[in-house]
Structures are given as structure tokens and as C-alpha cells.
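A.B. asks: Let me give you the structure first, and then I'll get to my questions.
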Amino acid sequence: MQRLQAFKYELRPDGQQQRQMRRFAGSCRFVFNKALALQKARYEQGEKKLGYAGLCKELTAWRNGSETPWLKDAPVHPLQQTLKVDYKLAWNGGYLIAVPPQNTSRTCPACGHVSKDNRQTQAQFACVECGFEENADLVGAINILRAGHARFACEVRDAVRSPAAGTRRGESVPAD
Ligand SMILES: [Zn+2]
């Protein structure tokens, strides 16, 4: 059996550290918005969107430029991570969808049969109806992905489509 453990730490920054953390967070937000604006502008001009490496080059230019020299005060890695997030999600037209967790661990992805007996142990899924067997975490992930796609189809169908509609992909997470 695999056991996952998480630790939670409380930081107790002093006044000076708090101010720095706020400034760094502000810098990350600024970089995110600037990168997003840049990608939009490129798209509207018919240019290709920049990849992560290209965005990092832009970031270096912003840090060394005369307009936003204060970006240099923030550590570079959080700023680069900011470019990574979202490059992955928003600029690909991705979505974060909340999925109700009900039955995601009890539903057979092969035949759809829902039963708590399908989950014989924490680790193993075995459908009592059709005999489908698989790692229980994988089954949960499949079901969450499917539920996410179903929700996505319902909720986004009538929404205004962004220019990136063609490359949009859904990202599913279990709701709490
Ligand atoms: Zn089944």
C-alpha cells in the first residue's frame, strides 16, 4: 500500500520579510499579466504564441530594461514559474473544472456500474458486474477526467469562445 504524506508549514515573516513577499508576489502578478498581454497581441497580429523559452527571454529583457527595473529585485525563479503556469493553461485556452467527487472511485469505467463493492481494497478496483480490474487511483483519474469533459461540454458550450478555441483543452480536478 502506498501512503501519501503532506506537511504544512506556517511561516512567520517579520515586517521586512512580509513586505518583500508582497513585492515578489506583485512582481509575479505583473509578469503574468504582461506575458498574457504579449501573447494576445502576438495572436492578434497573426504571430505565433511564444513558448516557455521565448517567454523567459522576454522576462530577461523586462528585468534588464529601463521601464520595469524593479523586476530585477524579485528572484528570477518564481517569475519564470509564473510564465510556466499558465503558458501551460491559459495560453493554450485551458480550463480548470471542478468535478464533484461522488462515485468517482466506485464507478466502473468499462460498464458504468456504480457500487462500493467495486472497490475491494484501497489500491485495487474490480467491477462486480463486468470483472474489469485496474489500479484504483487510475480508475478514479479516468472517472474524474470523464466527469470533467462532461461538465466542460455543458458549461462552456454557450460561453464566448476565445481565439484559442481550436487548441483548448480541459483540465480536470476533483472538487473538494
Ligand atoms: Zn464494469
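Each chain in the C-alpha cells gets a letter, A, B, ..., in the order shown, and its residues are numbered from 1; ligands are numbered from 1 in order too.
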Hey, what's within 8 Å of region 137-139 of chain A if we count only C-alpha atoms and toss same-chain stuff fewer than 4 positions away? As a ChimeraX atom specification, please?

C.D. replies: /A:104-105,108-109,123,125,143

A.B. asks: List all protein, DNA and RNA residues that have an atom no more than 8 Å from any atom of ligand 1, counting only C-alpha atoms and all ligand atoms, and report them as an MDAnalysis selection string.

C.D. replies: chainID A and resid 107:113 126:132

A.B. asks: Could you save those same residues with N, CA and C atoms as a CSV table (one decimal), in the first residue's frame?

C.D. replies:
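In the end it all went to again.csv:
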chain,number,residue,atom,x,y,z
A,107,THR,N,-17.2,3.9,-9.7
A,107,THR,CA,-17.9,3.7,-11.0
A,107,THR,C,-16.9,2.9,-11.9
A,108,CYS,N,-17.4,1.9,-12.5
A,108,CYS,CA,-16.6,1.1,-13.4
A,108,CYS,C,-16.5,1.9,-14.8
A,109,PRO,N,-15.3,2.2,-15.2
A,109,PRO,CA,-15.1,2.9,-16.4
A,109,PRO,C,-15.4,2.1,-17.7
A,110,ALA,N,-15.5,0.8,-17.5
A,110,ALA,CA,-15.8,-0.1,-18.6
A,110,ALA,C,-17.3,-0.2,-18.9
A,111,CYS,N,-18.1,-0.5,-17.8
A,111,CYS,CA,-19.5,-0.7,-18.0
A,111,CYS,C,-20.4,0.3,-17.3
A,112,GLY,N,-19.8,1.1,-16.4
A,112,GLY,CA,-20.6,2.2,-15.8
A,112,GLY,C,-21.3,1.8,-14.5
A,113,HIS,N,-21.1,0.5,-14.1
A,113,HIS,CA,-21.7,0.0,-12.9
A,113,HIS,C,-21.2,0.7,-11.7
A,126,ALA,N,-12.1,-3.6,-8.8
A,126,ALA,CA,-12.6,-4.8,-9.5
A,126,ALA,C,-14.1,-4.7,-9.6
A,127,CYS,N,-14.6,-4.5,-10.9
A,127,CYS,CA,-16.0,-4.3,-11.1
A,127,CYS,C,-16.8,-5.7,-10.8
A,128,VAL,N,-17.8,-5.6,-9.9
A,128,VAL,CA,-18.5,-6.8,-9.6
A,128,VAL,C,-19.5,-7.2,-10.7
A,129,GLU,N,-19.7,-6.2,-11.7
A,129,GLU,CA,-20.7,-6.5,-12.8
A,129,GLU,C,-20.0,-7.1,-14.0
A,130,CYS,N,-18.9,-6.5,-14.4
A,130,CYS,CA,-18.2,-6.9,-15.7
A,130,CYS,C,-16.8,-7.5,-15.5
A,131,GLY,N,-16.3,-7.4,-14.3
A,131,GLY,CA,-15.0,-8.0,-14.0
A,131,GLY,C,-13.8,-7.2,-14.4
A,132,PHE,N,-14.0,-5.9,-14.8
A,132,PHE,CA,-12.9,-5.0,-15.2
A,132,PHE,C,-12.1,-4.7,-13.9

A.B. asks: Would you mind listing what lies within 8 Å of region 41-57 of chain A as a VMD selection string, with only C-alpha atoms counted and same-chain residues fewer than 3 positions away left out?

C.D. replies: chain A and resid 35 37 to 38 60 to 61 80 83 to 84 87

A.B. asks: Closest to Asp73 (chain A) among A:Gln39, A:Gln20, A:Asn103, A:Asn118, using only C-alpha atoms?

C.D. replies: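 Among the listed residues, the smallest separation from Asp73 (chain A) belongs to A:Gln20.
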
A.B. asks: Just the number, please: distance in Å from CA of Phe32 (chain A) to CA of Pro78 (chain A), one decimal.

C.D. replies: 10.9 Å

A.B. asks: Figure out the distance between CA of Glu10 (chain A) and CA of Gly26 (chain A), please, to one decimal in Å.

C.D. replies: 20.9 Å

A.B. asks: What lies within 10 Å of Lys34 (chain A) using only C-alpha atoms, ignoring chain neighbours under 5 positions off, as a short mmCIF file (atom, residue, chain, number, x, y, z; two decimals) with N, CA and C atoms, in the first residue's frame?

C.D. replies:
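Produced file part02.cif, reproduced below:
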data_model
loop_
_atom_site.label_atom_id
_atom_site.label_comp_id
_atom_site.auth_asym_id
_atom_site.auth_seq_id
_atom_site.Cartn_x
_atom_site.Cartn_y
_atom_site.Cartn_z
N CYS A 28 5.34 38.78 -9.62
CA CYS A 28 4.85 37.60 -10.35
C CYS A 28 3.55 37.93 -11.08
N ARG A 29 2.66 38.65 -10.38
CA ARG A 29 1.39 39.02 -10.99
C ARG A 29 1.63 39.91 -12.21
N GLN A 39 1.13 37.76 -25.44
CA GLN A 39 0.63 36.64 -26.24
C GLN A 39 -0.62 37.04 -27.03
N LYS A 40 -1.49 37.79 -26.37
CA LYS A 40 -2.71 38.26 -27.05
C LYS A 40 -2.36 39.13 -28.24
N GLU A 58 11.89 37.07 -22.97
CA GLU A 58 11.19 38.34 -22.77
C GLU A 58 11.37 38.82 -21.34
N LEU A 59 11.25 37.88 -20.40
CA LEU A 59 11.38 38.22 -18.99
C LEU A 59 12.75 38.84 -18.70
N TRP A 62 12.71 42.32 -19.84
CA TRP A 62 11.94 43.21 -18.95
C TRP A 62 12.75 43.54 -17.69
N LEU A 83 5.54 32.17 -15.56
CA LEU A 83 5.40 32.01 -17.01
C LEU A 83 5.00 30.59 -17.37
#
